[in-house]
Amino acid sequence: MNKPNILVRAKAAYRVFRHGRWLTASSDWGRSGQTKKLPYIWPNFLTGQPQWSIIDFASYAQEGFNENAVVYSAIMYKVRALIAAPLRAYSGTPEEPELLPPEHLLAQLVARPNRWQSWSEFQGLAEVFLNLSGNCYIYLDKESIPWAMYLLRPDQVRIVPMPGGKKLMGFLYIPSGKTQVDAVPYLPQDIIHIRLPNPLDPLDGLGYGLAPLSPAARSTDVDNEVTRYLQIFFQKGAMPPAC
């Protein structure tokens, strides 16, 4: 048997370094890497039940994004930087990418995620959701392949762990003004869940992400209260407290 030459061995070592495991032409991540059960064991009281959000998204959106100029400016700076580099669809390999033509279905999907939103509108709102809640949920409307993508408000989505642990049962989407009885269930493969790291996640990284605004919430509240006080001070003047 001929031993692999230096070039073949170097390419194999690069694949292991890049992907964290040995990849061959007859195996891929979808078939071999994810077929084994995950090693997580979750408490029984968590499984089979929709998990409550760890933040008050409405308060973060109102008191942070809507009322605080610093928070708004920081998030919108990231949004403007992100939409300045349009998303493109490629085929080929990461080492030798080939830009897909505009008429390709994937190129059309990233250019127009759905009939109501352009790519910049879609990606901008996704970035706001991610920075306010630490989570971004994208619903894939598909048959054999996705033909549209829709953003779901983070506070209207609940994660449902599988009984017995180890994986997710799916997601529940609860529209505004509805209760859990009226929720729309989605399978895990129908939702792209982008989350930021949460070191105290009881679902070992499969649950809710931690909002960047969470550690800054107290400072944001102080800033808002000082701003309100200064506004009242300049409108009505100073008044010493009564003894």
# chains A, B, ... in the order shown; residues from 1 in each chain; ligands from 1

$ residues_around --residues "region 123-138 of chain A" --least-positions-apart "2" --cutoff "9 Å" --atoms "only C-alpha atoms" --output "number ranges by chain"
A: 55-57, 60-61, 64-65, 75-76, 78-80, 82-83, 118-121, 140, 149-155, 157, 190-198, 208-214

$ residues_around --residues "Ala148 (chain A)" --least-positions-apart "2" --cutoff "12 Å" --atoms "only C-alpha atoms" --output "list in words"
Leu105, Leu106, Ala107, Gln108, Leu109, Val110, Ala111, Arg112, Pro113, Asn114, Arg115, Trp116, Gln117, Ser118, Trp119, Phe122, Ile138, Tyr139, Leu140, Asp141, Lys142, Glu143, Ile145, Pro146, Tyr150, Leu151 and Asp190 of chain A

$ write_last_selection --atoms "N, CA and C atoms" --output "PDB file, in the first residue's frame"
ATOM      1  N   LEU A 105     -31.242  30.405  -7.374  1.00  0.00           N
ATOM      2  CA  LEU A 105     -32.239  30.500  -6.310  1.00  0.00           C
ATOM      3  C   LEU A 105     -31.636  30.978  -4.994  1.00  0.00           C
ATOM      4  N   LEU A 106     -30.446  30.504  -4.659  1.00  0.00           N
ATOM      5  CA  LEU A 106     -29.818  30.942  -3.410  1.00  0.00           C
ATOM      6  C   LEU A 106     -29.432  32.413  -3.476  1.00  0.00           C
ATOM      7  N   ALA A 107     -28.942  32.862  -4.631  1.00  0.00           N
ATOM      8  CA  ALA A 107     -28.595  34.279  -4.792  1.00  0.00           C
ATOM      9  C   ALA A 107     -29.842  35.154  -4.678  1.00  0.00           C
ATOM     10  N   GLN A 108     -30.963  34.698  -5.226  1.00  0.00           N
ATOM     11  CA  GLN A 108     -32.209  35.450  -5.120  1.00  0.00           C
ATOM     12  C   GLN A 108     -32.711  35.486  -3.675  1.00  0.00           C
ATOM     13  N   LEU A 109     -32.501  34.378  -2.941  1.00  0.00           N
ATOM     14  CA  LEU A 109     -32.965  34.319  -1.555  1.00  0.00           C
ATOM     15  C   LEU A 109     -32.209  35.304  -0.670  1.00  0.00           C
ATOM     16  N   VAL A 110     -30.887  35.377  -0.815  1.00  0.00           N
ATOM     17  CA  VAL A 110     -30.118  36.289   0.036  1.00  0.00           C
ATOM     18  C   VAL A 110     -30.306  37.742  -0.386  1.00  0.00           C
ATOM     19  N   ALA A 111     -30.632  37.975  -1.671  1.00  0.00           N
ATOM     20  CA  ALA A 111     -30.871  39.347  -2.123  1.00  0.00           C
ATOM     21  C   ALA A 111     -32.249  39.843  -1.699  1.00  0.00           C
ATOM     22  N   ARG A 112     -33.198  38.931  -1.616  1.00  0.00           N
ATOM     23  CA  ARG A 112     -34.568  39.266  -1.221  1.00  0.00           C
ATOM     24  C   ARG A 112     -35.098  38.135  -0.347  1.00  0.00           C
ATOM     25  N   PRO A 113     -34.853  38.185   0.971  1.00  0.00           N
ATOM     26  CA  PRO A 113     -35.254  37.075   1.843  1.00  0.00           C
ATOM     27  C   PRO A 113     -36.744  36.761   1.787  1.00  0.00           C
ATOM     28  N   ASN A 114     -37.579  37.778   1.610  1.00  0.00           N
ATOM     29  CA  ASN A 114     -39.009  37.562   1.427  1.00  0.00           C
ATOM     30  C   ASN A 114     -39.566  38.737   0.618  1.00  0.00           C
ATOM     31  N   ARG A 115     -40.804  38.634   0.230  1.00  0.00           N
ATOM     32  CA  ARG A 115     -41.356  39.624  -0.696  1.00  0.00           C
ATOM     33  C   ARG A 115     -41.547  40.996  -0.059  1.00  0.00           C
ATOM     34  N   TRP A 116     -41.474  41.083   1.263  1.00  0.00           N
ATOM     35  CA  TRP A 116     -41.706  42.359   1.943  1.00  0.00           C
ATOM     36  C   TRP A 116     -40.424  43.033   2.430  1.00  0.00           C
ATOM     37  N   GLN A 117     -39.308  42.339   2.398  1.00  0.00           N
ATOM     38  CA  GLN A 117     -38.071  42.896   2.936  1.00  0.00           C
ATOM     39  C   GLN A 117     -36.916  42.700   1.962  1.00  0.00           C
ATOM     40  N   SER A 118     -36.119  43.760   1.823  1.00  0.00           N
ATOM     41  CA  SER A 118     -34.856  43.635   1.101  1.00  0.00           C
ATOM     42  C   SER A 118     -33.821  43.010   2.033  1.00  0.00           C
ATOM     43  N   TRP A 119     -32.636  42.699   1.454  1.00  0.00           N
ATOM     44  CA  TRP A 119     -31.604  42.114   2.297  1.00  0.00           C
ATOM     45  C   TRP A 119     -31.185  43.071   3.406  1.00  0.00           C
ATOM     46  N   PHE A 122     -33.841  43.186   6.171  1.00  0.00           N
ATOM     47  CA  PHE A 122     -33.864  41.904   6.885  1.00  0.00           C
ATOM     48  C   PHE A 122     -32.663  41.786   7.817  1.00  0.00           C
ATOM     49  N   ILE A 138     -34.910  32.880  12.712  1.00  0.00           N
ATOM     50  CA  ILE A 138     -35.251  33.002  11.294  1.00  0.00           C
ATOM     51  C   ILE A 138     -36.045  31.767  10.890  1.00  0.00           C
ATOM     52  N   TYR A 139     -37.269  31.990  10.447  1.00  0.00           N
ATOM     53  CA  TYR A 139     -38.113  30.887   9.979  1.00  0.00           C
ATOM     54  C   TYR A 139     -37.859  30.646   8.502  1.00  0.00           C
ATOM     55  N   LEU A 140     -37.587  29.399   8.145  1.00  0.00           N
ATOM     56  CA  LEU A 140     -37.345  29.020   6.761  1.00  0.00           C
ATOM     57  C   LEU A 140     -38.630  28.479   6.159  1.00  0.00           C
ATOM     58  N   ASP A 141     -39.204  29.208   5.220  1.00  0.00           N
ATOM     59  CA  ASP A 141     -40.379  28.741   4.489  1.00  0.00           C
ATOM     60  C   ASP A 141     -39.874  27.929   3.302  1.00  0.00           C
ATOM     61  N   LYS A 142     -40.096  26.624   3.342  1.00  0.00           N
ATOM     62  CA  LYS A 142     -39.455  25.772   2.355  1.00  0.00           C
ATOM     63  C   LYS A 142     -40.333  24.580   2.013  1.00  0.00           C
ATOM     64  N   GLU A 143     -40.012  23.988   0.883  1.00  0.00           N
ATOM     65  CA  GLU A 143     -40.539  22.686   0.492  1.00  0.00           C
ATOM     66  C   GLU A 143     -39.350  21.733   0.446  1.00  0.00           C
ATOM     67  N   ILE A 145     -36.344  23.046  -0.774  1.00  0.00           N
ATOM     68  CA  ILE A 145     -35.320  24.023  -0.437  1.00  0.00           C
ATOM     69  C   ILE A 145     -36.009  25.293   0.067  1.00  0.00           C
ATOM     70  N   PRO A 146     -35.334  26.094   0.883  1.00  0.00           N
ATOM     71  CA  PRO A 146     -35.943  27.349   1.357  1.00  0.00           C
ATOM     72  C   PRO A 146     -36.172  28.321   0.204  1.00  0.00           C
ATOM     73  N   TYR A 150     -38.130  34.495   7.172  1.00  0.00           N
ATOM     74  CA  TYR A 150     -38.877  35.484   7.942  1.00  0.00           C
ATOM     75  C   TYR A 150     -38.296  35.581   9.347  1.00  0.00           C
ATOM     76  N   LEU A 151     -38.172  36.812   9.840  1.00  0.00           N
ATOM     77  CA  LEU A 151     -37.695  37.031  11.198  1.00  0.00           C
ATOM     78  C   LEU A 151     -38.860  36.938  12.182  1.00  0.00           C
ATOM     79  N   ASP A 190     -36.728  23.905  10.953  1.00  0.00           N
ATOM     80  CA  ASP A 190     -37.439  25.011  10.305  1.00  0.00           C
ATOM     81  C   ASP A 190     -37.011  26.377  10.835  1.00  0.00           C
TER      82      ASP A 190
END

$ select_by_dssp --residues "region 86-155 of chain A" --states "helix (DSSP H, G or I)" --output "PyMOL selection string"
chain A and resi 105-111+119-133+154-155

$ closest_residue --among "A:Ala81, A:Ala217, A:Ile232, A:Leu187" --to "Ser59 (chain A)" --atoms "only C-alpha atoms"
A:Ala217

$ closest_residue --among "A:Asp221, A:Ser176, A:Lys166, A:Lys236" --to "Leu206 (chain A)" --atoms "only C-alpha atoms"
A:Lys166
